[in-house]
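Quick look at model17.pdb (PDB, C-alpha atoms):
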```
MODEL        1
ATOM      1  CA  MET A   1    -176.369-161.216 -43.480  1.00  0.00           C
ATOM      2  CA  ASN A   2    -174.352-164.059 -45.019  1.00  0.00           C
ATOM      3  CA  ASP A   3    -172.286-166.411 -42.896  1.00  0.00           C
ATOM      4  CA  SER A   4    -168.953-165.063 -44.186  1.00  0.00           C
ATOM      5  CA  ALA A   5    -169.708-161.631 -42.705  1.00  0.00           C
ATOM      6  CA  LEU A   6    -169.967-162.993 -39.158  1.00  0.00           C
ATOM      7  CA  PRO A   7    -166.284-163.863 -38.643  1.00  0.00           C
ATOM      8  CA  ARG A   8    -165.299-160.514 -40.172  1.00  0.00           C
ATOM      9  CA  GLN A   9    -167.577-158.615 -37.809  1.00  0.00           C
ATOM     10  CA  ALA A  10    -166.232-160.573 -34.826  1.00  0.00           C
ATOM     11  CA  SER A  11    -162.676-159.758 -35.885  1.00  0.00           C
ATOM     12  CA  GLU A  12    -163.520-156.076 -36.282  1.00  0.00           C
ATOM     13  CA  THR A  13    -165.122-155.978 -32.837  1.00  0.00           C
ATOM     14  CA  ARG A  14    -162.083-157.654 -31.318  1.00  0.00           C
ATOM     15  CA  ASP A  15    -159.751-155.129 -32.968  1.00  0.00           C
ATOM     16  CA  ARG A  16    -161.895-152.199 -31.794  1.00  0.00           C
ATOM     17  CA  ILE A  17    -161.722-153.476 -28.227  1.00  0.00           C
ATOM     18  CA  LEU A  18    -157.931-153.873 -28.423  1.00  0.00           C
ATOM     19  CA  ASP A  19    -157.480-150.422 -29.978  1.00  0.00           C
ATOM     20  CA  ALA A  20    -159.718-148.814 -27.361  1.00  0.00           C
ATOM     21  CA  ALA A  21    -157.984-150.579 -24.479  1.00  0.00           C
ATOM     22  CA  GLU A  22    -154.537-149.668 -25.818  1.00  0.00           C
ATOM     23  CA  ALA A  23    -155.401-145.969 -26.097  1.00  0.00           C
ATOM     24  CA  LEU A  24    -157.099-145.832 -22.698  1.00  0.00           C
ATOM     25  CA  PHE A  25    -154.222-147.631 -20.990  1.00  0.00           C
ATOM     26  CA  VAL A  26    -151.904-144.913 -22.315  1.00  0.00           C
ATOM     27  CA  GLU A  27    -154.229-142.144 -21.137  1.00  0.00           C
ATOM     28  CA  HIS A  28    -155.184-143.487 -17.709  1.00  0.00           C
ATOM     29  CA  GLY A  29    -152.923-146.425 -16.867  1.00  0.00           C
ATOM     30  CA  LEU A  30    -153.785-150.102 -16.561  1.00  0.00           C
ATOM     31  CA  GLU A  31    -155.353-149.982 -13.127  1.00  0.00           C
ATOM     32  CA  ALA A  32    -157.463-146.848 -13.605  1.00  0.00           C
ATOM     33  CA  THR A  33    -158.959-147.994 -16.914  1.00  0.00           C
ATOM     34  CA  SER A  34    -162.257-149.764 -16.320  1.00  0.00           C
ATOM     35  CA  MET A  35    -163.994-152.275 -18.537  1.00  0.00           C
ATOM     36  CA  ARG A  36    -166.863-149.799 -18.840  1.00  0.00           C
ATOM     37  CA  MET A  37    -164.462-147.215 -20.278  1.00  0.00           C
ATOM     38  CA  ILE A  38    -163.137-149.746 -22.772  1.00  0.00           C
ATOM     39  CA  THR A  39    -166.549-150.925 -23.963  1.00  0.00           C
ATOM     40  CA  GLY A  40    -167.715-147.319 -24.295  1.00  0.00           C
ATOM     41  CA  ARG A  41    -164.711-146.326 -26.410  1.00  0.00           C
ATOM     42  CA  ALA A  42    -164.967-149.487 -28.523  1.00  0.00           C
ATOM     43  CA  ASN A  43    -168.748-149.259 -28.977  1.00  0.00           C
ATOM     44  CA  ALA A  44    -169.027-152.833 -27.725  1.00  0.00           C
ATOM     45  CA  ASN A  45    -170.645-154.552 -24.772  1.00  0.00           C
ATOM     46  CA  LEU A  46    -169.125-156.439 -21.870  1.00  0.00           C
ATOM     47  CA  ALA A  47    -170.328-159.734 -23.329  1.00  0.00           C
ATOM     48  CA  ALA A  48    -168.143-159.115 -26.394  1.00  0.00           C
ATOM     49  CA  VAL A  49    -165.103-158.470 -24.205  1.00  0.00           C
ATOM     50  CA  ASN A  50    -165.753-161.640 -22.221  1.00  0.00           C
ATOM     51  CA  TYR A  51    -166.294-163.626 -25.417  1.00  0.00           C
ATOM     52  CA  HIS A  52    -163.030-162.532 -27.026  1.00  0.00           C
ATOM     53  CA  PHE A  53    -160.776-162.268 -23.968  1.00  0.00           C
ATOM     54  CA  GLY A  54    -162.465-163.680 -20.883  1.00  0.00           C
ATOM     55  CA  SER A  55    -161.023-161.217 -18.363  1.00  0.00           C
ATOM     56  CA  LYS A  56    -159.318-157.851 -18.060  1.00  0.00           C
ATOM     57  CA  ASP A  57    -155.958-159.526 -17.392  1.00  0.00           C
ATOM     58  CA  ALA A  58    -156.282-161.576 -20.572  1.00  0.00           C
ATOM     59  CA  LEU A  59    -157.227-158.408 -22.483  1.00  0.00           C
ATOM     60  CA  ILE A  60    -154.151-156.610 -21.140  1.00  0.00           C
ATOM     61  CA  GLN A  61    -151.930-159.498 -22.209  1.00  0.00           C
ATOM     62  CA  GLU A  62    -153.386-159.509 -25.707  1.00  0.00           C
ATOM     63  CA  VAL A  63    -152.944-155.732 -26.056  1.00  0.00           C
ATOM     64  CA  PHE A  64    -149.222-156.230 -25.473  1.00  0.00           C
ATOM     65  CA  ARG A  65    -148.881-159.535 -27.300  1.00  0.00           C
ATOM     66  CA  ARG A  66    -150.401-158.463 -30.624  1.00  0.00           C
ATOM     67  CA  ARG A  67    -147.606-155.957 -31.303  1.00  0.00           C
ATOM     68  CA  LEU A  68    -144.782-157.087 -29.012  1.00  0.00           C
ATOM     69  CA  THR A  69    -144.565-160.571 -30.513  1.00  0.00           C
ATOM     70  CA  GLU A  70    -144.011-159.114 -33.978  1.00  0.00           C
ATOM     71  CA  LEU A  71    -141.608-156.460 -32.672  1.00  0.00           C
ATOM     72  CA  ASN A  72    -139.448-159.092 -30.985  1.00  0.00           C
ATOM     73  CA  ARG A  73    -139.614-161.288 -34.083  1.00  0.00           C
ATOM     74  CA  GLN A  74    -138.230-158.389 -36.121  1.00  0.00           C
ATOM     75  CA  ARG A  75    -135.499-157.798 -33.572  1.00  0.00           C
ATOM     76  CA  LEU A  76    -134.382-161.418 -33.667  1.00  0.00           C
ATOM     77  CA  ALA A  77    -134.547-161.481 -37.471  1.00  0.00           C
ATOM     78  CA  ALA A  78    -132.323-158.383 -37.610  1.00  0.00           C
ATOM     79  CA  LEU A  79    -129.831-159.968 -35.209  1.00  0.00           C
ATOM     80  CA  ASP A  80    -129.867-163.211 -37.208  1.00  0.00           C
ATOM     81  CA  ARG A  81    -128.965-161.266 -40.362  1.00  0.00           C
ATOM     82  CA  LEU A  82    -126.128-159.446 -38.640  1.00  0.00           C
ATOM     83  CA  GLU A  83    -124.690-162.653 -37.187  1.00  0.00           C
ATOM     84  CA  ALA A  84    -124.938-164.423 -40.540  1.00  0.00           C
ATOM     85  CA  GLU A  85    -123.051-161.568 -42.202  1.00  0.00           C
ATOM     86  CA  ALA A  86    -120.397-161.565 -39.454  1.00  0.00           C
ATOM     87  CA  GLN A  87    -119.706-165.310 -39.940  1.00  0.00           C
ATOM     88  CA  GLY A  88    -118.825-165.912 -36.304  1.00  0.00           C
ATOM     89  CA  ALA A  89    -116.973-162.661 -35.623  1.00  0.00           C
ATOM     90  CA  PRO A  90    -118.238-160.341 -32.862  1.00  0.00           C
ATOM     91  CA  LEU A  91    -120.694-157.748 -34.095  1.00  0.00           C
ATOM     92  CA  LYS A  92    -120.175-154.010 -33.929  1.00  0.00           C
ATOM     93  CA  PRO A  93    -121.951-152.763 -30.791  1.00  0.00           C
ATOM     94  CA  SER A  94    -123.642-150.007 -32.779  1.00  0.00           C
ATOM     95  CA  ARG A  95    -125.264-152.566 -35.079  1.00  0.00           C
ATOM     96  CA  ILE A  96    -126.616-154.503 -32.099  1.00  0.00           C
ATOM     97  CA  VAL A  97    -128.101-151.357 -30.600  1.00  0.00           C
ATOM     98  CA  GLU A  98    -129.648-150.400 -33.928  1.00  0.00           C
ATOM     99  CA  ALA A  99    -131.191-153.854 -34.328  1.00  0.00           C
ATOM    100  CA  PHE A 100    -132.815-153.760 -30.894  1.00  0.00           C
ATOM    101  CA  PHE A 101    -133.776-150.122 -30.444  1.00  0.00           C
ATOM    102  CA  GLY A 102    -134.112-149.148 -34.098  1.00  0.00           C
ATOM    103  CA  THR A 103    -136.962-151.593 -34.689  1.00  0.00           C
ATOM    104  CA  ALA A 104    -138.791-150.227 -31.637  1.00  0.00           C
ATOM    105  CA  LEU A 105    -138.284-146.624 -32.747  1.00  0.00           C
ATOM    106  CA  ALA A 106    -139.559-147.474 -36.217  1.00  0.00           C
ATOM    107  CA  LEU A 107    -142.724-148.813 -34.593  1.00  0.00           C
ATOM    108  CA  ALA A 108    -142.957-145.663 -32.454  1.00  0.00           C
ATOM    109  CA  ALA A 109    -142.875-143.556 -35.630  1.00  0.00           C
ATOM    110  CA  ASP A 110    -145.966-145.328 -36.989  1.00  0.00           C
ATOM    111  CA  THR A 111    -148.803-142.921 -36.237  1.00  0.00           C
ATOM    112  CA  GLU A 112    -151.232-144.473 -38.742  1.00  0.00           C
ATOM    113  CA  HIS A 113    -151.554-148.078 -37.520  1.00  0.00           C
ATOM    114  CA  GLY A 114    -151.229-147.737 -33.753  1.00  0.00           C
ATOM    115  CA  GLY A 115    -147.514-148.360 -33.381  1.00  0.00           C
ATOM    116  CA  HIS A 116    -146.894-144.979 -31.751  1.00  0.00           C
ATOM    117  CA  THR A 117    -149.689-145.517 -29.230  1.00  0.00           C
ATOM    118  CA  PHE A 118    -148.425-148.981 -28.343  1.00  0.00           C
ATOM    119  CA  MET A 119    -144.851-147.842 -27.803  1.00  0.00           C
ATOM    120  CA  ARG A 120    -146.086-145.068 -25.510  1.00  0.00           C
ATOM    121  CA  LEU A 121    -147.967-147.732 -23.556  1.00  0.00           C
ATOM    122  CA  LEU A 122    -144.884-149.944 -23.406  1.00  0.00           C
ATOM    123  CA  GLY A 123    -142.789-147.028 -22.195  1.00  0.00           C
ATOM    124  CA  ARG A 124    -145.341-146.192 -19.523  1.00  0.00           C
ATOM    125  CA  THR A 125    -145.353-149.807 -18.376  1.00  0.00           C
ATOM    126  CA  TYR A 126    -141.578-149.783 -17.867  1.00  0.00           C
ATOM    127  CA  THR A 127    -141.858-146.866 -15.463  1.00  0.00           C
ATOM    128  CA  GLU A 128    -145.044-147.846 -13.586  1.00  0.00           C
ATOM    129  CA  PRO A 129    -144.812-150.970 -11.423  1.00  0.00           C
ATOM    130  CA  ASN A 130    -147.342-153.686 -12.183  1.00  0.00           C
ATOM    131  CA  ALA A 131    -146.282-157.152 -11.074  1.00  0.00           C
ATOM    132  CA  PHE A 132    -148.676-158.989 -13.385  1.00  0.00           C
ATOM    133  CA  VAL A 133    -147.613-157.140 -16.534  1.00  0.00           C
ATOM    134  CA  ARG A 134    -143.923-157.151 -15.661  1.00  0.00           C
ATOM    135  CA  GLN A 135    -143.973-160.927 -15.252  1.00  0.00           C
ATOM    136  CA  PHE A 136    -145.705-161.260 -18.614  1.00  0.00           C
ATOM    137  CA  LEU A 137    -143.195-158.922 -20.299  1.00  0.00           C
ATOM    138  CA  ALA A 138    -140.274-160.779 -18.710  1.00  0.00           C
ATOM    139  CA  GLU A 139    -141.493-163.965 -20.384  1.00  0.00           C
ATOM    140  CA  GLU A 140    -142.047-162.203 -23.715  1.00  0.00           C
ATOM    141  CA  TYR A 141    -138.559-160.660 -23.617  1.00  0.00           C
ATOM    142  CA  ALA A 142    -136.638-163.677 -22.305  1.00  0.00           C
ATOM    143  CA  GLU A 143    -135.270-164.981 -25.611  1.00  0.00           C
ATOM    144  CA  VAL A 144    -134.689-161.540 -27.104  1.00  0.00           C
ATOM    145  CA  LEU A 145    -132.737-160.210 -24.135  1.00  0.00           C
ATOM    146  CA  GLU A 146    -130.673-163.373 -23.866  1.00  0.00           C
ATOM    147  CA  ARG A 147    -129.654-163.100 -27.518  1.00  0.00           C
ATOM    148  CA  PHE A 148    -128.965-159.364 -27.559  1.00  0.00           C
ATOM    149  CA  LEU A 149    -127.117-159.235 -24.252  1.00  0.00           C
ATOM    150  CA  GLY A 150    -125.055-162.214 -25.355  1.00  0.00           C
ATOM    151  CA  ALA A 151    -124.143-160.361 -28.550  1.00  0.00           C
ATOM    152  CA  LEU A 152    -123.167-157.265 -26.550  1.00  0.00           C
ATOM    153  CA  TYR A 153    -121.032-159.332 -24.167  1.00  0.00           C
ATOM    154  CA  ARG A 154    -119.112-160.718 -27.143  1.00  0.00           C
ATOM    155  CA  ALA A 155    -118.857-157.344 -28.870  1.00  0.00           C
ATOM    156  CA  LEU A 156    -117.622-155.611 -25.704  1.00  0.00           C
ATOM    157  CA  ALA A 157    -115.454-158.355 -24.253  1.00  0.00           C
ATOM    158  CA  ASP A 158    -113.268-155.842 -22.385  1.00  0.00           C
ATOM    159  CA  VAL A 159    -116.234-154.230 -20.625  1.00  0.00           C
ATOM    160  CA  PRO A 160    -117.487-155.790 -17.367  1.00  0.00           C
ATOM    161  CA  ARG A 161    -120.853-157.439 -17.850  1.00  0.00           C
ATOM    162  CA  GLU A 162    -122.424-155.483 -15.021  1.00  0.00           C
ATOM    163  CA  GLU A 163    -121.527-152.256 -16.834  1.00  0.00           C
ATOM    164  CA  ILE A 164    -123.147-153.557 -20.025  1.00  0.00           C
ATOM    165  CA  LEU A 165    -126.289-154.400 -18.061  1.00  0.00           C
ATOM    166  CA  TRP A 166    -126.364-150.930 -16.519  1.00  0.00           C
ATOM    167  CA  ARG A 167    -125.923-149.265 -19.899  1.00  0.00           C
ATOM    168  CA  PHE A 168    -128.628-151.395 -21.446  1.00  0.00           C
ATOM    169  CA  HIS A 169    -130.859-150.438 -18.534  1.00  0.00           C
ATOM    170  CA  PHE A 170    -130.116-146.748 -19.139  1.00  0.00           C
ATOM    171  CA  MET A 171    -130.822-147.137 -22.860  1.00  0.00           C
ATOM    172  CA  MET A 172    -134.167-148.818 -22.185  1.00  0.00           C
ATOM    173  CA  GLY A 173    -135.052-145.987 -19.820  1.00  0.00           C
ATOM    174  CA  ALA A 174    -134.049-143.296 -22.311  1.00  0.00           C
ATOM    175  CA  MET A 175    -136.131-144.884 -25.060  1.00  0.00           C
ATOM    176  CA  SER A 176    -139.167-145.287 -22.815  1.00  0.00           C
ATOM    177  CA  TYR A 177    -138.954-141.703 -21.573  1.00  0.00           C
ATOM    178  CA  ALA A 178    -138.497-140.284 -25.066  1.00  0.00           C
ATOM    179  CA  ILE A 179    -141.381-142.253 -26.553  1.00  0.00           C
ATOM    180  CA  ALA A 180    -143.699-141.281 -23.701  1.00  0.00           C
ATOM    181  CA  GLY A 181    -143.816-137.742 -25.103  1.00  0.00           C
ATOM    182  CA  THR A 182    -142.481-134.267 -24.452  1.00  0.00           C
ATOM    183  CA  ASP A 183    -144.749-133.363 -21.525  1.00  0.00           C
ATOM    184  CA  ALA A 184    -141.911-133.420 -19.004  1.00  0.00           C
ATOM    185  CA  LEU A 185    -139.639-131.394 -21.284  1.00  0.00           C
ATOM    186  CA  GLN A 186    -142.320-128.738 -21.674  1.00  0.00           C
ATOM    187  CA  LEU A 187    -142.355-128.275 -17.905  1.00  0.00           C
ATOM    188  CA  PHE A 188    -138.824-126.879 -18.167  1.00  0.00           C
ATOM    189  CA  ALA A 189    -138.604-125.578 -21.732  1.00  0.00           C
ATOM    190  CA  GLY A 190    -142.113-124.241 -22.254  1.00  0.00           C
ATOM    191  CA  THR A 191    -143.823-124.794 -25.593  1.00  0.00           C
ATOM    192  CA  PHE A 192    -142.041-127.509 -27.526  1.00  0.00           C
ATOM    193  CA  ASP A 193    -143.327-127.927 -31.062  1.00  0.00           C
ATOM    194  CA  ASP A 194    -140.689-130.230 -32.546  1.00  0.00           C
ATOM    195  CA  ALA A 195    -142.255-133.521 -31.433  1.00  0.00           C
ATOM    196  CA  ASP A 196    -142.350-135.241 -34.846  1.00  0.00           C
ATOM    197  CA  PRO A 197    -142.112-139.019 -34.186  1.00  0.00           C
ATOM    198  CA  GLN A 198    -140.170-139.400 -37.453  1.00  0.00           C
ATOM    199  CA  ARG A 199    -137.318-137.353 -35.983  1.00  0.00           C
ATOM    200  CA  LEU A 200    -137.167-139.335 -32.770  1.00  0.00           C
ATOM    201  CA  MET A 201    -135.151-142.240 -34.195  1.00  0.00           C
ATOM    202  CA  PRO A 202    -132.049-140.347 -35.403  1.00  0.00           C
ATOM    203  CA  ARG A 203    -132.024-138.173 -32.290  1.00  0.00           C
ATOM    204  CA  LEU A 204    -132.354-141.000 -29.802  1.00  0.00           C
ATOM    205  CA  MET A 205    -130.070-143.428 -31.651  1.00  0.00           C
ATOM    206  CA  SER A 206    -127.305-140.818 -31.595  1.00  0.00           C
ATOM    207  CA  PHE A 207    -127.798-140.413 -27.852  1.00  0.00           C
ATOM    208  CA  LEU A 208    -127.907-144.166 -27.153  1.00  0.00           C
ATOM    209  CA  LEU A 209    -124.756-144.897 -29.135  1.00  0.00           C
ATOM    210  CA  GLY A 210    -122.971-142.040 -27.384  1.00  0.00           C
ATOM    211  CA  GLY A 211    -123.877-143.552 -24.035  1.00  0.00           C
ATOM    212  CA  LEU A 212    -122.745-147.005 -25.083  1.00  0.00           C
ATOM    213  CA  ARG A 213    -119.345-145.650 -26.173  1.00  0.00           C
ATOM    214  CA  ALA A 214    -118.835-143.476 -23.095  1.00  0.00           C
ATOM    215  CA  PRO A 215    -115.730-144.102 -20.940  1.00  0.00           C
ATOM    216  CA  LEU A 216    -116.197-146.569 -18.130  1.00  0.00           C
ATOM    217  CA  PRO A 217    -116.851-145.035 -14.711  1.00  0.00           C
ATOM    218  CA  VAL A 218    -113.957-144.747 -12.269  1.00  0.00           C
ATOM    219  CA  PHE A 219    -114.909-145.846  -8.783  1.00  0.00           C
ATOM    220  CA  SER A 220    -113.152-144.942  -5.565  1.00  0.00           C
ATOM    221  CA  ALA A 221    -110.739-147.685  -4.511  1.00  0.00           C
ATOM    222  CA  ALA A 222    -111.549-147.042  -0.852  1.00  0.00           C
ATOM    223  CA  ARG A 223    -115.269-147.359  -1.508  1.00  0.00           C
ATOM    224  CA  ASP A 224    -114.771-150.568  -3.511  1.00  0.00           C
ATOM    225  CA  ALA A 225    -112.703-152.025  -0.648  1.00  0.00           C
ATOM    226  CA  ALA A 226    -115.391-151.090   1.876  1.00  0.00           C
ATOM    227  CA  GLU A 227    -118.126-152.637  -0.248  1.00  0.00           C
ATOM    228  CA  GLY A 228    -116.050-155.773  -0.707  1.00  0.00           C
ATOM    229  CA  ALA A 229    -115.485-156.076   3.033  1.00  0.00           C
ATOM    230  CA  ALA A 230    -119.197-155.594   3.718  1.00  0.00           C
ATOM    231  CA  ALA A 231    -120.092-158.304   1.241  1.00  0.00           C
ATOM    232  CA  ALA A 232    -117.575-160.786   2.710  1.00  0.00           C
TER     233      ALA A 232
ENDMDL
END
```

Transcribe the structure of this file into structure tokens.
Amino acid sequence: MNDSALPRQASETRDRILDAAEALFVEHGLEATSMRMITGRANANLAAVNYHFGSKDALIQEVFRRRLTELNRQRLAALDRLEAEAQGAPLKPSRIVEAFFGTALALAADTEHGGHTFMRLLGRTYTEPNAFVRQFLAEEYAEVLERFLGALYRALADVPREEILWRFHFMMGAMSYAIAGTDALQLFAGTFDDADPQRLMPRLMSFLLGGLRAPLPVFSAARDAAEGAAAA
């Protein structure tokens, strides 16, 4: 074996471990997936995992980082283009939503290179508490969320910021739930064959934009007064 083949083999082993861990985390969750399960799926040994990652926590971080870093880069690049075109004017809210969620849904439609699996994992992570991973994701998302929420605040200047935050929260939840699969829907609707990931983007984007444009909620004045008095 020549020397040039060694780095390539090491890279292939590393990728196999990441692919195996990603798939198993989707199937079983982060906590329930053991290192033995990962090495078995990846056809690698524990020494290889320790060599490339050092620990399970570091492996988990790298599983998220290898795709999330690029996804967030694409999101910021899309927002940069929109802001350059707008020349200082507020953006259309629909364009902001498309730049943030559309890039994620495009990744979710990729069934050939692991994008769909990763987005299912990301969606599962949003709904299953894990302090370690949530702290890591908060750091990874910090710049992206600051930029996109800032753009939404400018675009929807007449909407209270707390309502924008709630709607963004609802949109994140809808995307995560949709990407996770149709298992829950089948509990109520029976067999559900139309689960083509390519059709998810237009369906979900239509839903998200409808939610963003929905009328603001009307709260009871008496309840607001009571809450204000309690907070005083």

#### Entry: Within 6 Å of Ala42 of chain A using all atoms listed in the file, minus same-chain residues under 4 positions, as a ChimeraX atom specification
/A:16-17,20

### Message
When the PyMOL selection byres ((chain A and resi 127-135) around 9) is applied to the structure above, which residues does it catch, written out as a list in words?
### Response
Gly29, Leu30, Glu31, Asp57, Ile60, Gln61, Gly123, Arg124, Thr125, Tyr126, Phe136, Leu137, Ala138, Glu139, Glu140, Gly173, Ser176 and Tyr177 of chain A

For those residues, write C-alpha atoms to a file as an mmCIF file, in the coordinates of the input.
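result.cif, written as the output of this step:
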```
data_model
loop_
_atom_site.group_PDB
_atom_site.id
_atom_site.type_symbol
_atom_site.label_atom_id
_atom_site.label_comp_id
_atom_site.auth_asym_id
_atom_site.auth_seq_id
_atom_site.Cartn_x
_atom_site.Cartn_y
_atom_site.Cartn_z
ATOM 1 C CA GLY A 29 -152.923 -146.425 -16.867
ATOM 2 C CA LEU A 30 -153.785 -150.102 -16.561
ATOM 3 C CA GLU A 31 -155.353 -149.982 -13.127
ATOM 4 C CA ASP A 57 -155.958 -159.526 -17.392
ATOM 5 C CA ILE A 60 -154.151 -156.610 -21.140
ATOM 6 C CA GLN A 61 -151.930 -159.498 -22.209
ATOM 7 C CA GLY A 123 -142.789 -147.028 -22.195
ATOM 8 C CA ARG A 124 -145.341 -146.192 -19.523
ATOM 9 C CA THR A 125 -145.353 -149.807 -18.376
ATOM 10 C CA TYR A 126 -141.578 -149.783 -17.867
ATOM 11 C CA PHE A 136 -145.705 -161.260 -18.614
ATOM 12 C CA LEU A 137 -143.195 -158.922 -20.299
ATOM 13 C CA ALA A 138 -140.274 -160.779 -18.710
ATOM 14 C CA GLU A 139 -141.493 -163.965 -20.384
ATOM 15 C CA GLU A 140 -142.047 -162.203 -23.715
ATOM 16 C CA GLY A 173 -135.052 -145.987 -19.820
ATOM 17 C CA SER A 176 -139.167 -145.287 -22.815
ATOM 18 C CA TYR A 177 -138.954 -141.703 -21.573
#
```

Please, which residues are within 12 Å of (-157.1, -143.0, -22.3) by the file's coordinates, counting all atoms listed in the file, and could they come as a short mmCIF file (atom, residue, chain, number, x, y, z; two decimals) with C-alpha atoms, keeping the file's coordinate frame?
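And here's out.cif as it stands now:
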```cif
data_model
loop_
_atom_site.label_atom_id
_atom_site.label_comp_id
_atom_site.auth_asym_id
_atom_site.auth_seq_id
_atom_site.Cartn_x
_atom_site.Cartn_y
_atom_site.Cartn_z
CA ASP A 19 -157.48 -150.42 -29.98
CA ALA A 20 -159.72 -148.81 -27.36
CA ALA A 21 -157.98 -150.58 -24.48
CA GLU A 22 -154.54 -149.67 -25.82
CA ALA A 23 -155.40 -145.97 -26.10
CA LEU A 24 -157.10 -145.83 -22.70
CA PHE A 25 -154.22 -147.63 -20.99
CA VAL A 26 -151.90 -144.91 -22.32
CA GLU A 27 -154.23 -142.14 -21.14
CA HIS A 28 -155.18 -143.49 -17.71
CA GLY A 29 -152.92 -146.43 -16.87
CA LEU A 30 -153.78 -150.10 -16.56
CA GLU A 31 -155.35 -149.98 -13.13
CA ALA A 32 -157.46 -146.85 -13.60
CA THR A 33 -158.96 -147.99 -16.91
CA SER A 34 -162.26 -149.76 -16.32
CA MET A 37 -164.46 -147.22 -20.28
CA ILE A 38 -163.14 -149.75 -22.77
CA GLY A 40 -167.72 -147.32 -24.30
CA ARG A 41 -164.71 -146.33 -26.41
CA ALA A 42 -164.97 -149.49 -28.52
CA THR A 117 -149.69 -145.52 -29.23
CA ARG A 120 -146.09 -145.07 -25.51
CA LEU A 121 -147.97 -147.73 -23.56
#
```

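Applied to the file shown here, the PyMOL selection byres ((chain A and resi 110) around 12) selects the residues Thr103, Ala104, Leu105, Ala106, Leu107, Ala108, Ala109, Thr111, Glu112, His113, Gly114, Gly115, His116, Thr117, Phe118, Met119, Arg120, Ile179, Asp196, Pro197, Gln198, Arg199, Leu200 and Met201 of chain A.
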
Listed atoms of segment 115-128 of chain A, axis-aligned box, 8 Å per side: centre and edge lengths to one decimal in Å, as AutoDock Vina command-line options?
```
--center_x -145.6 --center_y -147.5 --center_z -23.5 --size_x 24.1 --size_y 21.0 --size_z 35.8
```

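Closest to Arg73 of chain A among A:Asp15, A:Ala174, A:Val144, A:Glu162 is A:Val144, based on only C-alpha atoms.
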
### Query
Evaluating the PyMOL selection byres ((chain A and resi 46) around 12) on the displayed file yields which residues, as a VMD selection string?
chain A and resid 13 to 14 17 34 to 45 47 to 56

### Summary
Residue with the minimum atom-to-atom distance to Arg154 of chain A, picked from A:Ala84, A:Leu18, A:Leu91, A:Val63 with all atoms listed in the file counted, is A:Leu91

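Excluding Phe168 of chain A itself and any same-chain residue fewer than 2 positions from it, the protein and nucleic acid residues within 10 Å of it, counting all atoms listed in the file, are Val97, Leu149, Leu152, Glu162, Glu163, Ile164, Leu165, Trp166, Phe170, Met171, Met172, Gly173, Ala174, Leu208, Gly211 and Leu212 of chain A.
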